[in-house]
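Dropping coords-v4.tsv in here (TSV, C-alpha atoms):
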```tsv
chain	number	residue	atom	x	y	z
A	17	MET	CA	18.47	-7.12	3.61
A	18	ASN	CA	15.56	-5.82	1.59
A	19	LYS	CA	16.66	-2.26	2.39
A	20	SER	CA	20.23	-2.92	1.16
A	21	PHE	CA	18.98	-4.50	-2.05
A	22	SER	CA	16.57	-1.62	-2.56
A	23	PHE	CA	19.39	0.90	-2.08
A	24	ILE	CA	21.63	-0.81	-4.60
A	25	ARG	CA	18.80	-1.00	-7.11
A	26	ARG	CA	18.07	2.70	-6.75
A	27	LEU	CA	21.78	3.48	-7.00
A	28	PHE	CA	22.20	1.62	-10.32
A	29	SER	CA	19.02	3.24	-11.58
A	30	SER	CA	20.68	6.68	-11.25
A	31	LYS	CA	22.17	8.01	-14.48
A	32	PHE	CA	24.61	10.23	-12.61
A	33	PHE	CA	25.97	7.25	-10.68
A	34	LEU	CA	26.39	5.24	-13.86
A	35	ILE	CA	28.37	8.11	-15.49
A	36	ILE	CA	30.67	8.37	-12.49
A	37	LEU	CA	31.14	4.62	-12.43
A	38	SER	CA	32.02	4.48	-16.15
A	39	PHE	CA	34.59	7.23	-15.68
A	40	LEU	CA	36.23	5.41	-12.77
A	41	ILE	CA	36.36	2.13	-14.70
A	42	SER	CA	38.02	3.92	-17.68
A	43	ILE	CA	40.69	5.38	-15.42
A	44	VAL	CA	41.40	1.98	-13.93
A	45	ILE	CA	41.71	0.38	-17.38
A	46	TRP	CA	44.01	3.18	-18.63
A	47	ILE	CA	46.27	2.82	-15.59
A	48	SER	CA	46.35	-0.93	-16.05
A	49	ILE	CA	47.35	-0.64	-19.66
A	50	ASN	CA	50.03	2.04	-19.25
A	51	LEU	CA	51.52	0.95	-15.94
A	52	GLY	CA	50.77	-2.73	-15.88
A	53	ASP	CA	51.82	-5.71	-17.99
A	54	TYR	CA	50.24	-4.15	-21.12
A	55	ALA	CA	52.34	-0.93	-21.13
A	56	GLU	CA	54.51	-2.10	-24.06
A	57	THR	CA	53.20	-1.77	-27.60
A	58	SER	CA	54.38	-1.68	-31.21
A	59	TYR	CA	54.81	1.52	-33.24
A	60	VAL	CA	55.89	2.24	-36.84
A	61	VAL	CA	58.41	5.04	-37.51
A	62	GLY	CA	58.25	5.99	-41.19
A	63	ASN	CA	59.97	8.24	-43.74
A	64	ILE	CA	63.48	7.13	-42.70
A	65	PRO	CA	66.20	7.71	-45.37
A	66	ILE	CA	68.15	4.59	-46.36
A	67	THR	CA	71.83	5.46	-45.92
A	68	ILE	CA	74.39	3.63	-48.07
A	69	ASN	CA	78.04	4.28	-47.21
A	70	LEU	CA	80.40	2.70	-49.73
A	71	PRO	CA	83.66	1.06	-48.66
A	72	ALA	CA	86.96	2.89	-49.27
A	73	GLU	CA	87.88	0.59	-52.20
A	74	ALA	CA	84.69	1.54	-54.08
A	75	LYS	CA	85.27	5.26	-53.50
A	76	GLN	CA	88.86	4.98	-54.77
A	77	GLN	CA	87.52	3.54	-58.03
A	78	GLY	CA	85.10	6.46	-58.40
A	79	LEU	CA	82.02	4.32	-57.89
A	80	GLU	CA	78.70	5.91	-56.90
A	81	VAL	CA	75.18	4.76	-56.01
A	82	PHE	CA	72.93	6.09	-58.77
A	83	ASN	CA	69.48	5.32	-57.40
A	84	GLY	CA	70.20	6.13	-53.76
A	85	ASP	CA	68.48	9.51	-53.67
A	86	GLY	CA	65.01	9.37	-52.21
A	87	LEU	CA	65.27	5.80	-50.91
A	88	LYS	CA	63.24	5.60	-47.69
A	89	GLY	CA	61.83	2.95	-45.42
A	90	SER	CA	60.04	2.37	-42.12
A	91	VAL	CA	60.89	0.57	-38.89
A	92	THR	CA	58.56	-1.20	-36.46
A	93	VAL	CA	59.63	-0.77	-32.85
A	94	LYS	CA	58.29	-2.11	-29.53
A	95	GLY	CA	58.38	-0.40	-26.18
A	96	ASN	CA	56.57	1.75	-23.70
A	97	ARG	CA	53.79	3.60	-25.47
A	98	SER	CA	54.66	6.95	-23.96
A	99	LEU	CA	58.29	6.55	-25.10
A	100	ILE	CA	58.08	5.16	-28.61
A	101	GLY	CA	55.30	7.53	-29.59
A	102	SER	CA	57.82	10.36	-29.63
A	103	LEU	CA	60.36	8.62	-31.94
A	104	THR	CA	61.05	10.23	-35.36
A	105	SER	CA	63.13	9.44	-38.43
A	106	ASP	CA	66.05	11.29	-36.79
A	107	ASP	CA	66.25	8.65	-34.02
A	108	ILE	CA	66.68	5.62	-36.31
A	109	GLN	CA	68.94	4.89	-39.30
A	110	ILE	CA	68.35	2.27	-42.01
A	111	VAL	CA	71.57	0.89	-43.51
A	112	PRO	CA	72.73	-2.17	-45.48
A	113	GLU	CA	73.63	-5.14	-43.32
A	114	GLN	CA	77.03	-5.27	-45.05
A	115	THR	CA	78.73	-3.35	-47.89
A	116	ASP	CA	82.05	-5.22	-48.21
A	117	SER	CA	81.01	-6.73	-51.55
A	118	LEU	CA	80.42	-3.33	-53.18
A	119	THR	CA	83.77	-3.11	-54.98
A	120	SER	CA	82.83	-3.11	-58.67
A	121	ALA	CA	80.20	-1.66	-60.99
A	122	GLY	CA	76.95	-3.60	-61.13
A	123	SER	CA	73.50	-4.10	-59.61
A	124	TYR	CA	73.16	-5.28	-56.03
A	125	THR	CA	70.35	-6.35	-53.70
A	126	LEU	CA	71.26	-5.46	-50.10
A	127	SER	CA	69.62	-6.65	-46.88
A	128	LEU	CA	68.65	-3.76	-44.62
A	129	VAL	CA	68.92	-3.33	-40.86
A	130	ALA	CA	67.98	-0.53	-38.52
A	131	LYS	CA	70.22	1.20	-35.99
A	132	LYS	CA	69.31	3.39	-33.03
A	133	THR	CA	70.85	6.83	-33.41
A	134	GLY	CA	68.79	8.94	-30.96
A	135	ARG	CA	69.29	9.49	-27.24
A	136	SER	CA	66.49	7.12	-26.29
A	137	THR	CA	67.39	3.45	-26.72
A	138	SER	CA	64.81	1.84	-24.37
A	139	TYR	CA	62.90	0.07	-27.12
A	140	THR	CA	63.24	-2.95	-29.37
A	141	ILE	CA	63.56	-2.90	-33.17
A	142	GLU	CA	61.19	-5.54	-34.49
A	143	SER	CA	61.40	-5.20	-38.30
A	144	VAL	CA	62.52	-3.05	-41.25
A	145	SER	CA	60.46	-2.37	-44.35
A	146	PRO	CA	61.58	-2.88	-47.03
A	147	SER	CA	63.86	-5.64	-45.88
A	148	THR	CA	66.05	-5.32	-48.98
A	149	VAL	CA	67.00	-2.56	-51.43
A	150	TYR	CA	68.14	-2.69	-55.09
A	151	ILE	CA	70.98	-0.34	-56.04
A	152	LYS	CA	73.03	0.50	-59.15
A	153	LEU	CA	76.75	0.99	-58.56
A	154	ASP	CA	78.82	2.59	-61.31
A	155	ARG	CA	81.16	5.42	-62.26
A	156	ASN	CA	79.65	8.74	-63.20
A	157	ARG	CA	80.08	9.80	-66.82
A	158	LYS	CA	78.97	12.98	-68.58
A	159	ILE	CA	78.55	13.37	-72.34
A	160	THR	CA	77.28	16.01	-74.75
A	161	LYS	CA	75.10	14.98	-77.70
A	162	GLU	CA	73.68	16.90	-80.66
A	163	VAL	CA	69.89	16.92	-80.91
A	164	GLU	CA	68.39	15.46	-84.09
A	165	GLU	CA	64.91	16.68	-84.97
A	166	ARG	CA	62.34	14.32	-86.47
A	167	ILE	CA	59.32	16.58	-86.81
A	168	ASN	CA	56.85	15.90	-89.62
A	169	TYR	CA	54.90	18.82	-91.09
A	170	LYS	CA	53.19	19.85	-94.35
A	171	ILE	CA	53.53	23.15	-96.23
A	172	PRO	CA	51.99	24.37	-99.53
A	173	GLN	CA	53.93	24.37	-102.80
A	174	GLY	CA	56.07	27.49	-103.19
A	175	TYR	CA	56.92	27.62	-99.48
A	176	TYR	CA	60.05	26.53	-97.67
A	177	GLY	CA	60.10	25.13	-94.17
A	178	THR	CA	62.98	24.75	-91.76
A	179	VAL	CA	63.11	23.67	-88.13
A	180	LEU	CA	65.07	25.79	-85.66
A	181	LEU	CA	65.90	24.44	-82.18
A	182	ASN	CA	66.46	26.62	-79.14
A	183	GLN	CA	69.16	24.14	-78.07
A	184	ASP	CA	71.34	22.24	-80.53
A	185	GLU	CA	72.86	19.89	-77.97
A	186	ILE	CA	72.21	18.53	-74.49
A	187	SER	CA	74.32	17.14	-71.67
A	188	ILE	CA	73.64	13.75	-70.09
A	189	SER	CA	75.25	12.33	-66.96
A	190	GLY	CA	74.70	8.99	-65.27
A	191	PRO	CA	76.05	5.47	-64.84
A	192	GLU	CA	78.90	4.85	-67.27
A	193	THR	CA	77.56	1.44	-68.32
A	194	GLU	CA	74.17	2.91	-69.29
A	195	ILE	CA	75.58	6.11	-70.81
A	196	LYS	CA	77.52	3.96	-73.31
A	197	GLN	CA	74.19	2.66	-74.65
A	198	ILE	CA	73.17	6.11	-75.92
A	199	ASP	CA	73.68	6.45	-79.68
A	200	LYS	CA	71.42	9.38	-80.63
A	201	VAL	CA	69.35	12.12	-79.02
A	202	VAL	CA	66.16	13.02	-80.89
A	203	ILE	CA	62.94	14.96	-80.60
A	204	GLU	CA	59.94	13.61	-82.48
A	205	GLY	CA	56.53	14.99	-83.35
A	206	THR	CA	53.93	15.65	-86.03
A	207	VAL	CA	52.03	18.80	-86.96
A	208	ALA	CA	48.78	17.48	-88.38
A	209	GLU	CA	47.47	20.51	-90.28
A	210	GLU	CA	49.14	22.20	-93.27
A	211	ILE	CA	50.98	25.34	-92.14
A	212	THR	CA	51.85	28.63	-93.88
A	213	SER	CA	53.25	30.48	-90.85
A	214	SER	CA	55.68	29.68	-88.08
A	215	VAL	CA	54.74	27.14	-85.40
A	216	LYS	CA	56.47	26.68	-82.05
A	217	ASN	CA	56.19	23.61	-79.78
A	218	LYS	CA	58.04	21.89	-76.95
A	219	TYR	CA	59.26	18.32	-77.33
A	220	THR	CA	60.62	15.85	-74.80
A	221	VAL	CA	64.13	14.59	-75.47
A	222	LYS	CA	64.38	10.88	-76.36
A	223	LEU	CA	67.51	8.74	-76.04
A	224	LEU	CA	68.04	6.01	-78.64
A	225	ASP	CA	70.42	3.06	-78.67
A	226	SER	CA	72.39	1.83	-81.70
A	227	PHE	CA	69.35	-0.17	-82.86
A	228	GLY	CA	67.15	2.93	-82.89
A	229	GLU	CA	65.18	1.77	-79.85
A	230	GLU	CA	64.28	4.28	-77.17
A	231	LEU	CA	65.99	3.85	-73.80
A	232	THR	CA	63.17	3.87	-71.27
A	233	ASN	CA	65.06	3.12	-68.07
A	234	THR	CA	66.53	6.61	-67.67
A	235	ASP	CA	65.79	7.28	-63.99
A	236	SER	CA	69.52	7.32	-63.23
A	237	PHE	CA	70.25	9.96	-65.91
A	238	LYS	CA	70.44	13.70	-65.45
A	239	ILE	CA	69.41	15.27	-68.76
A	240	SER	CA	69.84	19.00	-69.31
A	241	PRO	CA	67.70	20.28	-70.85
A	242	SER	CA	65.10	17.52	-70.93
A	243	THR	CA	62.81	19.44	-73.31
A	244	ILE	CA	63.62	21.31	-76.54
A	245	THR	CA	61.61	24.12	-78.12
A	246	ALA	CA	61.37	23.68	-81.89
A	247	THR	CA	60.18	26.45	-84.21
A	248	ILE	CA	59.01	25.43	-87.68
A	249	SER	CA	59.80	28.51	-89.77
A	250	VAL	CA	57.71	28.71	-92.97
A	251	LEU	CA	59.03	31.09	-95.64
A	252	GLN	CA	58.15	32.12	-99.19
A	253	MET	CA	60.44	30.52	-101.80
A	254	LYS	CA	61.73	32.18	-104.96
A	255	GLU	CA	64.22	31.47	-107.76
A	256	VAL	CA	66.40	34.52	-108.54
A	257	GLU	CA	69.16	35.32	-111.04
A	258	VAL	CA	72.82	35.52	-109.98
A	259	LYS	CA	74.78	38.58	-111.15
A	260	ALA	CA	78.51	39.24	-110.78
A	261	SER	CA	79.43	42.58	-109.21
A	262	ALA	CA	82.66	44.52	-109.80
A	263	GLU	CA	84.97	46.87	-107.92
A	264	GLY	CA	87.07	49.27	-109.97
A	265	GLY	CA	85.66	47.90	-113.19
A	266	PRO	CA	85.32	49.75	-116.49
A	267	VAL	CA	82.66	52.46	-116.51
A	268	GLY	CA	79.86	52.19	-119.08
A	269	VAL	CA	80.49	48.52	-119.90
A	270	ASP	CA	77.91	45.79	-119.61
A	271	LEU	CA	80.05	43.16	-117.88
A	272	SER	CA	77.43	40.46	-118.40
A	273	LYS	CA	78.72	40.25	-121.99
A	274	TYR	CA	82.09	39.14	-120.67
A	275	TYR	CA	81.20	36.64	-117.95
A	276	LYS	CA	79.05	33.62	-117.20
A	277	VAL	CA	78.01	32.49	-113.75
A	278	SER	CA	77.46	28.87	-112.75
A	279	PRO	CA	74.93	28.27	-111.37
A	280	ASP	CA	73.20	31.33	-112.81
A	281	THR	CA	70.13	31.07	-110.53
A	282	VAL	CA	69.61	30.19	-106.87
A	283	TYR	CA	66.60	29.55	-104.67
A	284	ILE	CA	66.12	31.80	-101.68
A	285	ALA	CA	63.44	31.93	-98.99
A	286	GLY	CA	62.24	34.65	-96.67
A	287	GLU	CA	59.21	36.57	-95.49
A	288	SER	CA	56.82	37.17	-98.39
A	289	GLU	CA	57.06	40.98	-98.31
A	290	LEU	CA	60.85	40.81	-98.42
A	291	VAL	CA	61.24	38.12	-101.08
A	292	LYS	CA	58.91	39.71	-103.63
A	293	GLU	CA	61.24	42.75	-103.84
A	294	ILE	CA	64.33	40.65	-104.62
A	295	THR	CA	64.99	40.04	-108.33
A	296	GLN	CA	68.68	39.06	-108.26
A	297	ILE	CA	71.54	37.99	-106.00
A	298	LYS	CA	75.01	39.48	-106.44
A	299	THR	CA	78.39	37.92	-105.93
A	300	GLU	CA	81.21	39.40	-103.91
A	301	PRO	CA	82.82	42.09	-106.10
A	302	LEU	CA	85.39	41.17	-108.73
A	303	ASN	CA	88.49	43.27	-107.99
A	304	PHE	CA	89.49	44.64	-111.40
A	305	SER	CA	92.79	46.00	-110.08
A	306	THR	CA	93.96	42.35	-110.11
A	307	LEU	CA	92.61	41.49	-113.61
A	308	LYS	CA	94.44	41.60	-116.93
A	309	ASN	CA	93.38	40.88	-120.53
A	310	ARG	CA	92.95	37.11	-120.26
A	311	LYS	CA	90.42	34.46	-119.23
A	312	TYR	CA	89.62	33.83	-115.57
A	313	ASN	CA	87.76	31.19	-113.64
A	314	ILE	CA	86.97	32.76	-110.25
A	315	ILE	CA	84.98	31.39	-107.32
A	316	LYS	CA	82.98	34.07	-105.53
A	317	ASN	CA	80.69	33.90	-102.51
A	318	LEU	CA	77.08	34.99	-102.84
A	319	GLU	CA	75.84	38.03	-100.95
A	320	ILE	CA	72.55	36.62	-99.64
A	321	PRO	CA	70.24	39.42	-98.44
A	322	SER	CA	69.71	39.73	-94.71
A	323	LYS	CA	66.85	37.63	-93.29
A	324	CYS	CA	66.90	35.35	-96.34
A	325	ILE	CA	68.04	31.74	-96.63
A	326	ASP	CA	70.05	30.14	-99.42
A	327	ILE	CA	67.83	27.05	-99.64
A	328	ASN	CA	70.25	24.79	-101.53
A	329	SER	CA	73.29	26.09	-99.60
A	330	VAL	CA	74.99	27.12	-102.85
A	331	LYS	CA	77.03	29.74	-100.93
A	332	SER	CA	79.45	30.35	-103.82
A	333	VAL	CA	79.38	30.36	-107.62
A	334	ASN	CA	81.91	30.00	-110.43
A	335	VAL	CA	82.45	33.21	-112.46
A	336	ILE	CA	83.94	32.54	-115.91
A	337	LEU	CA	85.33	35.91	-117.06
A	338	ASP	CA	86.79	36.44	-120.53
A	339	LEU	CA	88.78	39.70	-120.89
A	340	SER	CA	91.11	38.39	-123.59
A	341	SER	CA	89.76	40.86	-126.15
A	342	MET	CA	90.93	43.83	-124.07
A	343	LYS	CA	94.16	45.72	-124.70
A	344	LYS	CA	96.83	47.25	-122.48
A	345	LYS	CA	98.32	50.75	-122.44
A	346	ASN	CA	101.02	52.15	-120.12
A	347	PHE	CA	101.17	55.69	-118.75
A	348	THR	CA	103.74	57.60	-116.70
A	349	ILE	CA	102.31	59.73	-113.90
A	350	THR	CA	104.30	62.73	-112.68
A	351	ASN	CA	101.66	64.91	-111.02
A	352	PHE	CA	100.31	63.98	-107.60
A	353	ASP	CA	97.79	65.69	-105.31
A	354	VAL	CA	98.13	65.43	-101.51
A	355	THR	CA	94.89	65.78	-99.54
A	356	GLY	CA	93.75	65.30	-95.95
A	357	LEU	CA	96.52	67.36	-94.30
A	358	GLU	CA	95.81	69.83	-91.54
A	359	ASP	CA	96.59	73.49	-92.28
A	360	SER	CA	99.64	73.36	-90.01
A	361	TYR	CA	101.28	70.71	-92.21
A	362	THR	CA	102.45	70.54	-95.78
A	363	GLY	CA	103.13	67.47	-97.86
A	364	ARG	CA	105.27	66.94	-100.95
A	365	VAL	CA	105.52	63.81	-103.09
A	366	THR	CA	109.21	63.10	-103.58
A	367	THR	CA	108.61	60.23	-106.03
A	368	SER	CA	109.26	61.76	-109.42
A	369	SER	CA	107.03	59.40	-111.40
A	370	ILE	CA	105.27	56.05	-111.47
A	371	ASP	CA	104.37	53.83	-114.39
A	372	ILE	CA	100.82	52.46	-114.43
A	373	SER	CA	98.97	49.95	-116.60
A	374	VAL	CA	95.50	50.54	-117.99
A	375	TYR	CA	93.37	47.87	-119.66
A	376	GLY	CA	90.31	48.36	-121.83
A	377	SER	CA	88.89	48.13	-125.29
A	378	GLU	CA	91.21	49.29	-128.08
A	379	TYR	CA	88.84	52.10	-129.04
A	380	ASN	CA	88.59	53.54	-125.52
A	381	LEU	CA	92.33	53.22	-124.87
A	382	ASP	CA	93.02	55.26	-128.01
A	383	LEU	CA	90.86	58.04	-126.58
A	384	LEU	CA	92.60	57.94	-123.18
A	385	THR	CA	95.31	60.58	-122.62
A	386	GLY	CA	97.47	61.43	-119.63
A	387	ASP	CA	95.46	64.52	-118.72
A	388	LYS	CA	92.47	62.25	-118.01
A	389	ILE	CA	94.34	60.40	-115.27
A	390	SER	CA	94.54	61.74	-111.70
A	391	ALA	CA	96.77	60.57	-108.85
A	392	GLU	CA	95.87	61.44	-105.27
A	393	VAL	CA	97.44	60.67	-101.90
A	394	ASN	CA	94.86	61.01	-99.14
A	395	ILE	CA	96.56	61.26	-95.76
A	396	GLU	CA	94.50	60.11	-92.82
A	397	LYS	CA	94.80	62.04	-89.55
A	398	SER	CA	96.41	59.03	-87.89
A	399	ASP	CA	99.22	59.14	-90.49
A	400	ILE	CA	100.11	62.80	-89.95
A	401	SER	CA	103.64	63.07	-88.59
A	402	GLU	CA	106.78	64.77	-89.82
A	403	GLY	CA	109.08	62.85	-92.08
A	404	ALA	CA	109.09	60.92	-95.35
A	405	LYS	CA	106.93	57.82	-95.66
A	406	GLU	CA	105.66	55.56	-98.43
A	407	MET	CA	101.90	55.87	-98.92
A	408	PRO	CA	99.29	54.41	-101.31
A	409	VAL	CA	98.21	56.56	-104.24
A	410	THR	CA	94.71	56.40	-105.75
A	411	ILE	CA	94.63	56.47	-109.55
A	412	LYS	CA	91.39	57.58	-111.24
A	413	LEU	CA	90.31	57.78	-114.89
A	414	LEU	CA	88.42	61.00	-115.61
A	415	ASN	CA	85.56	61.03	-118.12
A	416	THR	CA	86.70	57.69	-119.49
A	417	ARG	CA	84.65	54.67	-120.42
A	418	GLY	CA	85.53	51.03	-120.97
A	419	CYS	CA	88.91	51.09	-119.15
A	420	TRP	CA	90.29	50.11	-115.74
A	421	ILE	CA	93.46	50.58	-113.69
A	422	TYR	CA	95.53	47.45	-113.09
A	423	GLY	CA	97.65	47.15	-109.93
A	424	ASN	CA	98.20	49.11	-106.71
A	425	TYR	CA	100.73	51.91	-106.48
A	426	LYS	CA	102.67	53.83	-103.81
A	427	VAL	CA	104.69	57.02	-103.61
A	428	VAL	CA	106.91	58.65	-100.99
A	429	VAL	CA	105.42	61.70	-99.27
A	430	ASP	CA	107.56	64.12	-97.22
A	431	ILE	CA	105.44	65.74	-94.46
A	432	SER	CA	106.62	68.80	-92.57
A	433	LYS	CA	105.20	71.59	-90.44
A	434	ARG	CA	104.57	74.96	-92.04
```
Exercise: express the given structure as structure tokens:
Amino acid sequence: MNKSFSFIRRLFSSKFFLIILSFLISIVIWISINLGDYAETSYVVGNIPITINLPAEAKQQGLEVFNGDGLKGSVTVKGNRSLIGSLTSDDIQIVPEQTDSLTSAGSYTLSLVAKKTGRSTSYTIESVSPSTVYIKLDRNRKITKEVEERINYKIPQGYYGTVLLNQDEISISGPETEIKQIDKVVIEGTVAEEITSSVKNKYTVKLLDSFGEELTNTDSFKISPSTITATISVLQMKEVEVKASAEGGPVGVDLSKYYKVSPDTVYIAGESELVKEITQIKTEPLNFSTLKNRKYNIIKNLEIPSKCIDINSVKSVNVILDLSSMKKKNFTITNFDVTGLEDSYTGRVTTSSIDISVYGSEYNLDLLTGDKISAEVNIEKSDISEGAKEMPVTIKLLNTRGCWIYGNYKVVVDISKR
């Protein structure tokens, strides 16, 4: 008896024996847990998409779920440890318990359940998290809105600032009920320091309702683009004189004595180096071939220099032209020159004569004689073909001042090969 007790004491005093014994006990416990009454355990399968299939009636009405993207949940299952440990989000589906009530636009809270979709079904579904989901059901609507800029900035006196946007309008799509709340689209910001050169910044688009309040619950909206680049362009400003220009007007005459322009000055803006060279702005030309000896009130557009801005958007001016002091004199033209023909062709004006009207001061008209008037028909290459055709004739006054040709004239030219 003493020997047996001594043996056991020595055995338990051995570290090697104790290691072997611990290993054997662990194996026994593991087998008991996995093959005995304790083999079943709980396990959470996460990252499972929540699938919402609408009934046919809702689809026929064009209804959609607007916050369904990205909805995910988890399911707690119970079963054999070795089995449930291999389950993934592909083996289980989370769906609403019922969808029959989803037949009109609105907000709904749906109870969720889980369904087994994988090959393995030897486990029990214990719970779903979340147990409910909130959805928005509505028709999809897309609108386009102009962007209104509300950017505050300071510039020195004598400068002109304007804000240019890289996108003048944006598109917004989302639930029809919420889209109807949008009244304006704006970008807002402040440039703290005074600026004398261009500044560029990005601004986030804001949606405002009819009360001017920002709509903050915009998760269901798709906004494109959601940011706008605004460039504050700062230019030098200058007031310049407006001058009327003429086409076919009397040579050697200061027309400014015969007209007034209203307004007679405009403000323009541009880069400093460009603006300092500009002393006046001209109108579109007055066509003197349409003017007689009377008073005219003519609206003409301004010819704003390239890369400059008409600050006040004048665009056009009123030219008051008084030619009532001028006289009229008629001439008969019988000699015509034909130019522009190739050497293999010849051209002959068959019109014997044309009567023309000339206006000017009485003194200059008295000096004008028929030998100081030329008539030329210039035939373009595209017009060269055999036969008689009516063509415009250019009338010129030679070495004559203070007079102009009124009207447009044509003659018949007979073209033939040499």
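As for atom CA of A:Gly286 and atom CA of A:Ala246, they are spaced 18.4 Å apart.
Rounded to one decimal, atom CA of A:Thr295 and atom CA of A:Ile320 lie 12.0 Å from each other.
Atom CA of A:Asn346 lies 15.1 Å from atom CA of A:Tyr379.
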Which one of A:Lys161, A:Lys259, A:Lys238, A:Lys331 sits closest to A:Pro301 if you count all atoms listed in the file?
-> A:Lys259
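Near A:Tyr175, within 12 Å and counting all atoms listed in the file, sit Lys170, Ile171, Glu210, Ile211, Thr212, Ser213, Ser214, Ser249, Val250, Leu251, Gln252, Met253, Lys254, Glu255, Tyr283, Ile284, Ala285, Gly286, Glu287, Ser288, Val291 and Ile327 of chain A, not including residues fewer than 4 positions from it in the same chain.
Residues with at least one atom no more than 12 Å from (69.0, 13.1, -52.8), using all atoms listed in the file, are Pro65, Ile66, Thr67, Ile68, Val81, Phe82, Asn83, Gly84, Asp85, Gly86, Leu87, Lys88 and Ser236 of chain A.
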Would you kindly return, as an MDAnalysis selection string, each protein, DNA or RNA residue with an atom no farther than 9 Å from any atom of A:Lys311, considering all atoms listed in the file and excluding same-chain residues fewer than 2 positions away?
-> chainID A and resid 308:309 313 336:340
Might you pull out every residue within 12 Å of A:Glu402, with all atoms listed in the file counted and same-chain residues fewer than 5 positions away left off, and present them as a compact mmCIF listing (two decimals) with C-alpha atoms, keeping the file's coordinate frame?
```txt
# COMPACT_ATOMS: atom_id res chain seq x y z
CA LEU A 357 96.52 67.36 -94.30
CA SER A 360 99.64 73.36 -90.01
CA TYR A 361 101.28 70.71 -92.21
CA THR A 362 102.45 70.54 -95.78
CA GLY A 363 103.13 67.47 -97.86
CA ARG A 364 105.27 66.94 -100.95
CA VAL A 429 105.42 61.70 -99.27
CA ASP A 430 107.56 64.12 -97.22
CA ILE A 431 105.44 65.74 -94.46
CA SER A 432 106.62 68.80 -92.57
CA LYS A 433 105.20 71.59 -90.44
CA ARG A 434 104.57 74.96 -92.04
```
A:Thr115: which residues within 8 Å, counting only C-alpha atoms, same-chain residues fewer than 6 positions away excluded, as an NGL selection string?
-> :A and (69-71)
So, counting only C-alpha atoms, which residue among A:Val163, A:Ile239, A:Val267, A:Ala74 is closest to A:Glu204?
-> A:Val163
Residues at most 6 Å from stretch 110-114 of chain A, counting all atoms listed in the file, excluding those fewer than 4 positions away in the same chain, as a PDB file with C-alpha atoms, in the coordinates of the input?
```
ATOM      1  CA  ILE A  66      68.150   4.590 -46.360  1.00  0.00           C
ATOM      2  CA  THR A  67      71.830   5.460 -45.920  1.00  0.00           C
ATOM      3  CA  LEU A 126      71.260  -5.460 -50.100  1.00  0.00           C
ATOM      4  CA  SER A 127      69.620  -6.650 -46.880  1.00  0.00           C
ATOM      5  CA  LEU A 128      68.650  -3.760 -44.620  1.00  0.00           C
ATOM      6  CA  VAL A 129      68.920  -3.330 -40.860  1.00  0.00           C
ATOM      7  CA  ALA A 130      67.980  -0.530 -38.520  1.00  0.00           C
TER       8      ALA A 130
END
```
